[in-house]
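Trainee: File query_29.cif follows (mmCIF, C-alpha atoms):
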```
data_final
loop_
_atom_site.label_atom_id
_atom_site.label_comp_id
_atom_site.auth_asym_id
_atom_site.auth_seq_id
_atom_site.Cartn_x
_atom_site.Cartn_y
_atom_site.Cartn_z
CA MET I 1 171.36 179.07 157.99
CA LYS I 2 170.50 175.43 157.39
CA LYS I 3 168.28 174.32 154.52
CA LEU I 4 165.99 171.32 154.33
CA LEU I 5 164.67 168.85 151.82
CA PHE I 6 161.31 167.49 152.99
CA ILE I 7 161.13 164.29 150.93
CA ASP I 8 157.98 162.24 150.38
CA ARG I 9 158.36 158.46 150.23
CA ASP I 10 155.59 156.72 148.25
CA GLY I 11 155.48 157.90 144.63
CA THR I 12 158.71 159.84 145.08
CA ILE I 13 161.40 157.45 146.28
CA ILE I 14 159.45 154.26 145.70
CA ARG I 15 156.56 153.64 143.37
CA GLU I 16 153.12 153.71 144.89
CA PRO I 17 150.98 150.63 144.11
CA ALA I 18 147.39 150.89 142.94
CA ASP I 19 146.10 150.15 146.46
CA GLU I 20 148.39 152.87 147.88
CA GLN I 21 149.74 150.55 150.55
CA ILE I 22 153.25 149.07 150.43
CA ASP I 23 152.89 146.23 152.88
CA SER I 24 155.01 143.57 151.17
CA PHE I 25 158.30 143.29 149.34
CA GLU I 26 156.46 142.19 146.19
CA LYS I 27 155.09 145.73 145.87
CA LEU I 28 158.43 147.45 146.32
CA GLN I 29 159.93 149.25 143.31
CA PHE I 30 162.21 152.28 143.41
CA VAL I 31 161.36 155.27 141.24
CA PRO I 32 163.89 155.62 138.38
CA ARG I 33 166.76 158.00 139.20
CA ALA I 34 165.56 158.47 142.79
CA ILE I 35 168.54 156.77 144.43
CA SER I 36 171.24 158.33 142.23
CA SER I 37 169.63 161.77 142.56
CA LEU I 38 169.36 161.63 146.33
CA ALA I 39 172.92 160.33 146.56
CA PHE I 40 174.16 163.28 144.49
CA LEU I 41 172.30 165.80 146.65
CA ARG I 42 173.50 164.17 149.85
CA GLN I 43 177.11 164.25 148.66
CA HIS I 44 177.21 167.68 147.01
CA THR I 45 174.89 169.85 149.11
CA ASP I 46 174.42 170.69 152.77
CA TYR I 47 170.65 170.15 152.88
CA GLU I 48 169.28 168.21 155.81
CA PHE I 49 167.11 165.31 154.61
CA VAL I 50 163.72 164.84 156.26
CA MET I 51 161.40 162.05 155.13
CA VAL I 52 157.75 163.04 155.58
CA SER I 53 155.19 160.38 154.72
CA ASN I 54 151.47 159.82 155.21
CA GLN I 55 150.77 156.13 155.89
CA ASP I 56 147.00 155.84 156.11
CA GLY I 57 145.88 153.61 158.95
CA LEU I 58 149.34 152.39 159.94
CA GLY I 59 148.92 150.27 163.06
CA THR I 60 145.32 149.25 162.27
CA ASP I 61 144.17 145.76 161.33
CA ALA I 62 144.09 146.82 157.67
CA PHE I 63 147.74 147.96 157.80
CA PRO I 64 149.57 146.31 160.72
CA GLU I 65 152.97 147.68 161.60
CA ASP I 66 154.68 144.33 161.17
CA THR I 67 153.98 144.56 157.41
CA PHE I 68 155.27 148.14 157.20
CA TRP I 69 158.57 148.20 159.10
CA PRO I 70 160.42 145.38 157.28
CA VAL I 71 159.87 147.17 153.96
CA GLN I 72 160.64 150.58 155.46
CA ASN I 73 163.86 149.35 157.05
CA PHE I 74 164.92 147.68 153.78
CA ILE I 75 164.37 150.97 151.95
CA LEU I 76 166.44 152.87 154.50
CA ASP I 77 169.21 150.25 154.46
CA THR I 78 169.33 150.37 150.65
CA LEU I 79 169.56 154.14 150.63
CA ARG I 80 172.15 154.14 153.40
CA GLY I 81 174.28 151.83 151.29
CA GLU I 82 174.36 154.58 148.65
CA GLY I 83 175.32 157.24 151.17
CA ILE I 84 171.77 158.56 151.63
CA ILE I 85 171.06 159.14 155.31
CA PHE I 86 167.95 160.89 156.58
CA ASP I 87 168.41 163.36 159.42
CA ASP I 88 164.80 162.86 160.47
CA ILE I 89 161.96 160.49 159.56
CA LEU I 90 158.40 161.65 160.19
CA ILE I 91 155.44 159.35 159.54
CA ASP I 92 151.79 160.16 160.09
CA PRO I 93 149.37 157.21 160.45
CA HIS I 94 146.05 159.11 160.28
CA PHE I 95 143.32 158.76 157.67
CA PRO I 96 142.29 161.88 155.71
CA GLU I 97 138.95 162.04 157.49
CA ASP I 98 140.75 162.33 160.83
CA ASN I 99 141.82 165.88 159.89
CA ALA I 100 144.94 165.44 161.97
CA PRO I 101 147.22 168.49 162.20
CA THR I 102 150.20 166.20 161.57
CA ARG I 103 148.95 164.78 158.28
CA LYS I 104 150.22 166.40 155.08
CA PRO I 105 149.41 168.96 153.82
CA SER I 106 149.09 170.19 157.42
CA THR I 107 152.43 171.06 158.96
CA GLY I 108 152.23 169.64 162.47
CA LEU I 109 155.01 167.11 161.88
CA VAL I 110 157.48 169.75 160.71
CA GLN I 111 156.45 172.69 162.88
CA LYS I 112 159.67 172.32 164.88
CA TYR I 113 161.62 173.28 161.75
CA ILE I 114 159.30 176.11 160.75
CA ASP I 115 159.60 177.67 164.20
CA ASN I 116 163.38 177.28 164.38
CA PRO I 117 165.20 180.46 163.24
CA ASP I 118 168.30 178.39 162.42
CA TYR I 119 166.54 177.02 159.31
CA ASP I 120 166.19 178.84 156.00
CA ILE I 121 162.68 177.68 155.15
CA ALA I 122 162.25 180.00 152.17
CA HIS I 123 165.16 178.32 150.36
CA SER I 124 164.20 174.79 151.38
CA TYR I 125 162.11 172.40 149.25
CA VAL I 126 159.45 169.74 149.44
CA ILE I 127 160.08 166.91 146.96
CA GLY I 128 156.90 164.96 146.27
CA ASP I 129 154.52 163.60 143.67
CA ARG I 130 151.08 164.80 144.73
CA ASN I 131 149.14 168.04 144.87
CA THR I 132 149.01 167.54 148.63
CA ASP I 133 152.82 167.77 148.61
CA ARG I 134 152.56 171.01 146.66
CA GLN I 135 150.10 172.37 149.22
CA PHE I 136 152.36 171.09 152.01
CA ALA I 137 155.20 173.16 150.55
CA ALA I 138 152.96 176.22 150.31
CA ASN I 139 151.87 175.77 153.93
CA ILE I 140 155.48 175.50 155.04
CA GLY I 141 156.53 178.47 152.93
CA CYS I 142 159.18 176.70 150.85
CA GLY I 143 159.66 175.59 147.25
CA PHE I 144 158.15 172.49 145.65
CA LEU I 145 159.83 170.03 143.29
CA ARG I 146 157.42 167.57 141.71
CA ILE I 147 158.32 164.01 140.79
CA ASN I 148 156.14 162.57 138.02
CA SER I 149 155.62 158.99 139.05
CA ALA I 150 152.98 156.33 138.42
CA PRO I 151 151.37 153.55 140.47
CA SER I 152 153.19 150.26 140.09
CA THR I 153 151.73 146.86 139.33
CA PRO I 154 153.32 143.47 138.74
CA PRO I 155 155.36 143.51 135.51
CA VAL I 156 153.91 142.19 132.28
CA LEU I 157 156.00 139.36 130.90
CA SER I 158 157.27 139.49 127.36
CA GLY I 159 154.60 138.28 124.96
CA SER I 160 151.76 138.38 127.47
CA PRO I 161 148.68 140.45 126.67
CA VAL I 162 148.25 143.83 128.32
CA PRO I 163 144.81 143.99 129.96
CA PRO I 164 142.50 146.84 128.99
CA VAL I 165 142.21 149.81 131.33
CA LEU I 166 138.65 150.08 132.60
CA SER I 167 137.16 152.98 134.50
CA GLY I 168 138.35 152.73 138.08
CA SER I 169 140.82 149.94 137.31
CA PRO I 170 144.50 150.07 138.28
CA VAL I 171 146.93 151.93 136.08
CA PRO I 172 148.67 149.63 133.58
CA PRO I 173 152.15 148.45 134.48
CA VAL I 174 155.12 150.76 134.11
CA LEU I 175 157.79 148.99 132.08
CA SER I 176 161.41 149.86 131.54
CA GLY I 177 161.70 152.61 128.98
CA SER I 178 158.02 153.57 129.22
CA PRO I 179 156.89 157.22 129.16
CA ALA I 180 156.13 157.12 132.89
CA GLU I 181 159.63 155.88 133.68
CA SER I 182 161.16 158.52 131.46
CA SER I 183 159.00 161.18 133.12
CA SER I 184 160.15 160.05 136.57
CA ALA I 185 163.79 160.18 135.57
CA GLU I 186 163.44 163.60 133.93
CA SER I 187 161.61 165.08 136.91
CA TRP I 188 164.26 163.80 139.32
CA GLN I 189 166.92 165.29 137.06
CA ARG I 190 165.07 168.62 137.14
CA ALA I 191 164.71 168.44 140.93
CA VAL I 192 168.44 167.86 141.36
CA ALA I 193 169.29 170.71 138.99
CA ILE I 194 167.14 173.19 140.91
CA ALA I 195 168.06 172.01 144.40
CA TYR I 196 171.76 172.05 143.53
CA GLY I 197 172.10 174.85 141.00
CA GLY I 198 169.21 177.09 142.04
CA GLU I 199 166.07 178.21 140.28
CA ARG I 200 166.42 179.91 136.91
CA THR I 201 163.69 182.51 136.99
CA ALA I 202 163.69 186.19 136.16
CA GLU I 203 161.35 189.17 135.94
CA VAL I 204 161.80 192.28 133.84
CA ARG I 205 159.72 195.44 133.76
CA ARG I 206 160.51 197.75 130.84
CA THR I 207 158.64 201.05 130.77
CA THR I 208 159.10 203.83 128.22
CA LYS I 209 156.88 206.56 126.82
CA GLU I 210 155.93 204.09 124.09
CA THR I 211 155.48 200.75 125.91
CA ASP I 212 154.97 199.20 129.33
CA ILE I 213 156.15 195.58 129.37
CA TYR I 214 156.30 192.92 132.08
CA VAL I 215 158.08 189.62 131.39
CA LYS I 216 158.52 186.74 133.80
CA LEU I 217 159.94 183.32 132.95
CA ASP I 218 161.12 180.05 134.43
CA LEU I 219 163.61 178.16 132.27
CA ASP I 220 162.82 174.93 134.12
CA GLY I 221 159.06 175.23 133.76
CA ASN I 222 156.35 173.20 132.06
CA GLY I 223 155.40 175.44 129.15
CA HIS I 224 152.66 177.43 130.89
CA CYS I 225 152.02 180.74 129.14
CA ASP I 226 150.17 183.96 129.95
CA ILE I 227 150.76 186.30 127.01
CA THR I 228 148.94 189.46 125.99
CA THR I 229 150.54 192.05 123.70
CA GLY I 230 147.51 193.46 121.90
CA LEU I 231 148.57 191.62 118.75
CA GLY I 232 146.88 188.25 118.44
CA PHE I 233 149.32 186.70 115.98
CA PHE I 234 152.31 187.94 118.00
CA ASP I 235 150.78 186.34 121.11
CA HIS I 236 150.46 183.07 119.20
CA MET I 237 154.12 183.17 118.13
CA LEU I 238 155.40 184.02 121.62
CA GLU I 239 153.36 181.16 123.03
CA GLN I 240 155.34 178.79 120.80
CA ILE I 241 158.49 179.80 122.70
CA GLY I 242 157.02 178.85 126.06
CA LYS I 243 155.10 175.76 124.98
CA HIS I 244 157.77 174.09 122.87
CA GLY I 245 160.68 175.35 124.95
CA MET I 246 159.15 174.09 128.21
CA ILE I 247 159.53 177.59 129.61
CA ASP I 248 156.88 179.09 131.89
CA LEU I 249 156.38 182.46 130.25
CA THR I 250 154.39 185.53 131.19
CA ILE I 251 154.41 188.54 128.86
CA HIS I 252 152.09 191.52 129.37
CA THR I 253 152.67 194.33 126.89
CA LYS I 254 150.83 197.62 126.57
CA GLY I 255 152.13 199.58 123.60
CA ASP I 256 151.26 202.51 121.37
CA LEU I 257 149.42 200.40 118.81
CA HIS I 258 147.51 203.51 117.77
CA VAL I 259 150.82 204.59 116.18
CA ASP I 260 151.88 201.19 114.79
CA GLU I 261 153.18 197.81 115.91
CA HIS I 262 156.90 198.60 115.83
CA HIS I 263 157.50 199.64 119.44
CA THR I 264 155.35 196.83 120.86
CA ILE I 265 157.23 194.11 118.99
CA GLU I 266 160.73 195.57 119.39
CA ASP I 267 160.44 196.36 123.11
CA THR I 268 158.86 193.00 123.88
CA ALA I 269 161.85 191.32 122.24
CA LEU I 270 164.26 193.45 124.27
CA ALA I 271 162.49 192.65 127.55
CA LEU I 272 162.28 188.95 126.74
CA GLY I 273 165.96 188.83 125.80
CA GLU I 274 166.97 190.60 129.01
CA CYS I 275 164.84 188.18 131.02
CA LEU I 276 166.50 185.19 129.34
CA LEU I 277 169.94 186.61 130.10
CA GLN I 278 169.08 187.14 133.78
CA ALA I 279 167.55 183.68 134.20
CA LEU I 280 170.63 181.99 132.74
CA GLY I 281 172.74 183.47 135.52
CA ASP I 282 176.36 182.35 135.34
CA LYS I 283 175.44 179.75 132.66
CA ARG I 284 177.25 176.97 134.50
CA GLY I 285 176.31 173.51 133.29
CA ILE I 286 174.21 174.63 130.31
CA GLU I 287 174.48 172.95 126.94
CA ARG I 288 174.93 176.43 125.43
CA TYR I 289 174.20 175.46 121.83
CA GLY I 290 171.13 174.45 120.27
CA TYR I 291 167.33 173.10 115.95
CA SER I 292 165.70 172.48 112.80
CA LEU I 293 162.15 171.40 112.23
CA PRO I 294 159.73 171.00 109.35
CA MET I 295 156.22 172.47 109.33
CA ASP I 296 154.27 171.12 106.38
CA ASP I 297 155.85 172.71 103.29
CA CYS I 298 158.47 174.63 105.28
CA LEU I 299 161.85 173.77 106.71
CA CYS I 300 163.03 176.08 109.46
CA SER I 301 166.39 176.19 111.15
CA VAL I 302 167.23 178.19 114.28
CA CYS I 303 170.71 177.63 115.67
CA LEU I 304 171.85 179.59 118.68
CA ASP I 305 174.79 180.10 121.01
CA PHE I 306 174.60 181.69 124.45
CA GLY I 307 178.24 182.66 124.12
CA GLY I 308 177.75 186.27 125.17
CA ARG I 309 178.26 187.75 121.70
CA PRO I 310 175.04 188.91 120.00
CA TRP I 311 174.82 188.28 116.26
CA LEU I 312 171.99 187.58 113.87
CA VAL I 313 172.09 185.82 110.54
CA TRP I 314 168.63 186.06 108.89
CA ASP I 315 167.82 184.08 105.77
CA ALA I 316 164.05 184.15 105.41
CA GLU I 317 161.91 185.99 102.91
CA PHE I 318 158.24 186.88 103.28
CA HIS I 319 156.04 188.01 100.42
CA ARG I 320 153.02 189.20 102.38
CA GLU I 321 152.97 192.58 104.12
CA ARG I 322 151.23 191.18 107.20
CA ILE I 323 150.39 187.92 108.91
CA GLY I 324 147.51 188.65 111.23
CA GLU I 325 148.16 192.09 112.72
CA MET I 326 151.94 191.61 112.57
CA PRO I 327 153.98 193.30 109.81
CA THR I 328 156.34 190.76 108.29
CA GLU I 329 159.11 193.39 108.17
CA MET I 330 159.13 193.21 112.00
CA PHE I 331 160.14 189.53 112.12
CA LEU I 332 163.79 190.32 111.47
CA HIS I 333 163.62 193.26 113.89
CA PHE I 334 162.18 191.04 116.65
CA PHE I 335 164.95 188.48 116.39
CA LYS I 336 167.66 191.14 116.13
CA SER I 337 166.41 192.80 119.32
CA LEU I 338 166.11 189.44 121.07
CA SER I 339 169.63 188.48 120.06
CA ASP I 340 171.06 191.78 121.27
CA ALA I 341 169.32 191.74 124.66
CA ALA I 342 170.01 188.05 125.39
CA LYS I 343 173.60 188.31 124.11
CA MET I 344 173.16 185.27 121.92
CA ASN I 345 174.17 184.34 118.41
CA LEU I 346 171.14 183.48 116.26
CA ASN I 347 171.33 181.90 112.82
CA ILE I 348 167.85 181.65 111.30
CA ARG I 349 166.93 180.15 107.96
CA ALA I 350 163.54 179.24 106.52
CA GLU I 351 162.28 177.96 103.19
CA GLY I 352 158.79 177.18 101.99
CA ASP I 353 155.66 178.69 100.46
CA ASN I 354 153.15 179.23 103.26
CA GLU I 355 154.05 182.43 105.10
CA HIS I 356 152.16 181.53 108.29
CA HIS I 357 153.84 178.13 108.47
CA LYS I 358 157.23 179.69 107.80
CA ILE I 359 157.21 182.13 110.70
CA GLU I 360 155.48 179.73 113.08
CA GLY I 361 158.12 177.13 112.21
CA ILE I 362 160.84 179.67 113.04
CA PHE I 363 159.34 180.42 116.45
CA LYS I 364 158.92 176.72 117.21
CA ALA I 365 162.48 176.02 116.13
CA LEU I 366 163.65 178.86 118.38
CA ALA I 367 161.76 177.29 121.26
CA ARG I 368 163.40 173.91 120.69
CA ALA I 369 166.80 175.52 120.33
CA LEU I 370 166.27 177.33 123.65
CA LYS I 371 165.15 174.11 125.32
CA MET I 372 168.28 172.37 124.11
CA ALA I 373 170.69 175.19 124.89
CA VAL I 374 169.46 176.00 128.42
CA ARG I 375 169.40 172.35 129.49
CA ARG I 376 171.54 172.15 132.60
CA ASP I 377 173.72 169.22 133.65
CA VAL I 378 174.64 169.64 137.30
CA TYR I 379 176.76 166.50 137.12
CA HIS I 380 179.12 168.48 134.86
CA TYR I 381 178.64 171.89 136.43
CA GLU I 382 181.19 173.87 134.47
CA LEU I 383 181.16 176.75 132.02
CA PRO I 384 180.92 175.37 128.47
CA SER I 385 183.83 177.48 127.25
CA THR I 386 187.60 177.18 127.00
CA LYS I 387 187.79 180.91 127.80
CA GLY I 388 186.48 180.41 131.33
CA THR I 389 183.74 183.01 130.86
CA LEU I 390 180.60 183.53 128.78
#
```
Could you write out this structure as structure tokens?

Mentor:
Amino acid sequence: MKKLLFIDRDGTIIREPADEQIDSFEKLQFVPRAISSLAFLRQHTDYEFVMVSNQDGLGTDAFPEDTFWPVQNFILDTLRGEGIIFDDILIDPHFPEDNAPTRKPSTGLVQKYIDNPDYDIAHSYVIGDRNTDRQFAANIGCGFLRINSAPSTPPVLSGSPVPPVLSGSPVPPVLSGSPAESSSAESWQRAVAIAYGGERTAEVRRTTKETDIYVKLDLDGNGHCDITTGLGFFDHMLEQIGKHGMIDLTIHTKGDLHVDEHHTIEDTALALGECLLQALGDKRGIERYGYSLPMDDCLCSVCLDFGGRPWLVWDAEFHRERIGEMPTEMFLHFFKSLSDAAKMNLNIRAEGDNEHHKIEGIFKALARALKMAVRRDVYHYELPSTKGTL
């Protein structure tokens, strides 16, 4: 079956100006990494490319077509020169208040694809920058890949003052190397990785007489967490993994806390490790290795290798019996169980005086190590091993 990429234009391929109307060449700027990313996907995948764009009031006096088509044709010619050819181009000219069935997020423009059994809609994607694009994807029944872009304005010349941003005023200019540009490039890189290499998500349900655990994660997420284990401090530590590792992480644990905390902590580690292993899949393109960070008086180092051989080196001493509701003797046990289930080598060291800072620093360092190690480079989509297997 054929798969599709429904690709937005303004804010996704080209920057959207503050007035949301690209009616002159002076307003035209391409989003960083958009062209190279689309070229890669066009060359290395079999997706059909469909441009779907709302152009409010196109053809009216406020937005005459003779100001739209020269820019549109230049965009298409530029992309074509890089090997990027659209199989279909769909433009809706209605205003939001028209409630037209063809205006995104409504699906009228693409209904012909939805109704065609030759297309694999569930494994297709919308690539866009707005919540309406996200809703458009949900209405179609396909995935959504968000591009973090920013409205464009004329560049600020070197040495010129940057005007203040007032309520309701245009967004300040996006300059080369700015956070917005970096965000655009990173989100395009993420979109390419998922569209080409697939999503890296997993779910694990582990149920025993002692615990009932559900873990779900997305290695290419945004750090969203939903964690409840019955142990407040443990929840706080697990949240560090998701937040600082940019992993969407859900952990729901019900354990025999009336006995003690051992089974809850150990089995959560086992389920989380298994979930990580599943989400990594064949590990093609990953960095594999990965982090040291300070936290006030403490220096924490977590180095890891997803080489398929579990091993734990633990060099951290704690002089309190508990931190919150969590026994400090369980810290080593958690990381040993995690290492075993994820089949990863962990080398953990920590020094310092504050026990809370020490263990939180370890969890944060683990998160950063995970973020580094699971980073995927689809432009070098090979196993990071001379053995040919991990």

Trainee: List the residues matched by the PyMOL selection byres ((chain I and resi 241) around 10) in the displayed structure as a PyMOL selection string, ordered by chain and then by residue number.

Mentor: chain I and resi 223+225+236-240+242-249+362-371

Trainee: Please provide as a list of chain:residue names all residues within 9 Å of Arg309 of chain I, with the sequence filter that same-chain residues fewer than 2 positions apart are discarded (counting all atoms listed in the file).

Mentor: I:Asp305, I:Phe306, I:Gly307, I:Trp311, I:Ser339, I:Asp340, I:Lys343, I:Met344, I:Asn345, I:Leu390

Trainee: Run the PyMOL selection byres ((chain I and resi 274) around 12) against the file shown and list the residues it catches, as a compact mmCIF listing (two decimals) with C-alpha atoms, in the coordinates of the input.

Mentor:
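Generated output (out-v5.txt):
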```txt
# COMPACT_ATOMS: atom_id res chain seq x y z
CA THR I 201 163.69 182.51 136.99
CA ALA I 202 163.69 186.19 136.16
CA GLU I 203 161.35 189.17 135.94
CA VAL I 204 161.80 192.28 133.84
CA ARG I 205 159.72 195.44 133.76
CA ARG I 206 160.51 197.75 130.84
CA ILE I 213 156.15 195.58 129.37
CA TYR I 214 156.30 192.92 132.08
CA VAL I 215 158.08 189.62 131.39
CA LYS I 216 158.52 186.74 133.80
CA LEU I 217 159.94 183.32 132.95
CA ASP I 267 160.44 196.36 123.11
CA THR I 268 158.86 193.00 123.88
CA ALA I 269 161.85 191.32 122.24
CA LEU I 270 164.26 193.45 124.27
CA ALA I 271 162.49 192.65 127.55
CA LEU I 272 162.28 188.95 126.74
CA GLY I 273 165.96 188.83 125.80
CA CYS I 275 164.84 188.18 131.02
CA LEU I 276 166.50 185.19 129.34
CA LEU I 277 169.94 186.61 130.10
CA GLN I 278 169.08 187.14 133.78
CA ALA I 279 167.55 183.68 134.20
CA LEU I 280 170.63 181.99 132.74
CA GLY I 281 172.74 183.47 135.52
CA SER I 337 166.41 192.80 119.32
CA LEU I 338 166.11 189.44 121.07
CA SER I 339 169.63 188.48 120.06
CA ASP I 340 171.06 191.78 121.27
CA ALA I 341 169.32 191.74 124.66
CA ALA I 342 170.01 188.05 125.39
CA LYS I 343 173.60 188.31 124.11
CA MET I 344 173.16 185.27 121.92
```

Trainee: Please provide as number ranges by chain all residues within 7 Å of Lys3 of chain I, with the sequence filter that same-chain residues fewer than 6 positions apart are discarded (counting only C-alpha atoms).

Mentor: I: 47-48, 119-121, 123-124

Trainee: Would you list the residues near (154.2, 176.0, 109.0) (no more than 12 Å away, in the coordinates of the file, using all atoms listed in the file) as a PyMOL selection string?

Mentor: chain I and resi 237+293-300+350-365

Trainee: If I take atom CA of Pro101 of chain I and atom CA of Arg134 of chain I, how far is one from the other in Å, to one decimal?

Mentor: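 That distance, rounded to one decimal, is 16.6 Å.
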
Trainee: For Gly59 of chain I, find every residue with an atom within 10 Å (counting only C-alpha atoms), except residues of its own chain fewer than 6 positions away, and show them as a PyMOL selection string.

Mentor: chain I and resi 65-68+93-94

Trainee: What does the distance from atom CA of Trp188 of chain I to atom CA of Ser37 of chain I come to in Å, to one decimal?

Mentor: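 About the pair atom CA of Trp188 of chain I and atom CA of Ser37 of chain I: they are 6.6 Å apart.
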
Trainee: Got a sec: who's within 12 Å of Ser385 of chain I, counting all atoms listed in the file, leaving out chain neighbours fewer than 3 positions off, as a list in words?

Mentor: Lys283, Arg284, Gly285, Ile286, Glu287, Arg288, Tyr289, Asp305, Phe306, Gly307, Gly308, Tyr381, Glu382, Gly388, Thr389 and Leu390 of chain I

Trainee: Around (163.2, 152.9, 143.3) in the file's frame, which residues reach within 10 Å when counting all atoms listed in the file? Return as a ChimeraX atom specification?

Mentor: /I:10-15,28-36,75,78-79

Trainee: Residues near Ser183 of chain I, anyone? I mean within 9 Å using only C-alpha atoms, not counting same-chain ones fewer than 5 positions away, as an MDAnalysis selection string.

Mentor: chainID I and resid 147:149 178 188

Trainee: Running the PyMOL selection byres ((chain I and resi 88) around 10) on this model by hand, what would come out? Give it as a list in words.

Mentor: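 With the PyMOL selection byres ((chain I and resi 88) around 10) on this model, the match is Phe6, Glu48, Phe49, Val50, Met51, Val52, Ile85, Phe86, Asp87, Ile89 and Leu90 of chain I.
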
Trainee: Check the smallest atom-to-atom distance from each of I:Gln189, I:Thr328, I:Ser301, I:Ser24 to Asn347 of chain I using only C-alpha atoms, then report the winner.

Mentor: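 That would be I:Ser301, the residue with the smallest distance to Asn347 of chain I.
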
Trainee: Using only C-alpha atoms, which of I:Gly324, I:Asp220, I:Cys303, I:His258 sits nearest Phe233 of chain I?

Mentor: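 Smallest separation from Phe233 of chain I among the options: I:Gly324.
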
Trainee: Please measure the separation of atom CA of Leu219 of chain I and atom CA of His44 of chain I, giving the value in Å to one decimal.

Mentor: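 Separation between atom CA of Leu219 of chain I and atom CA of His44 of chain I: 22.6 Å.
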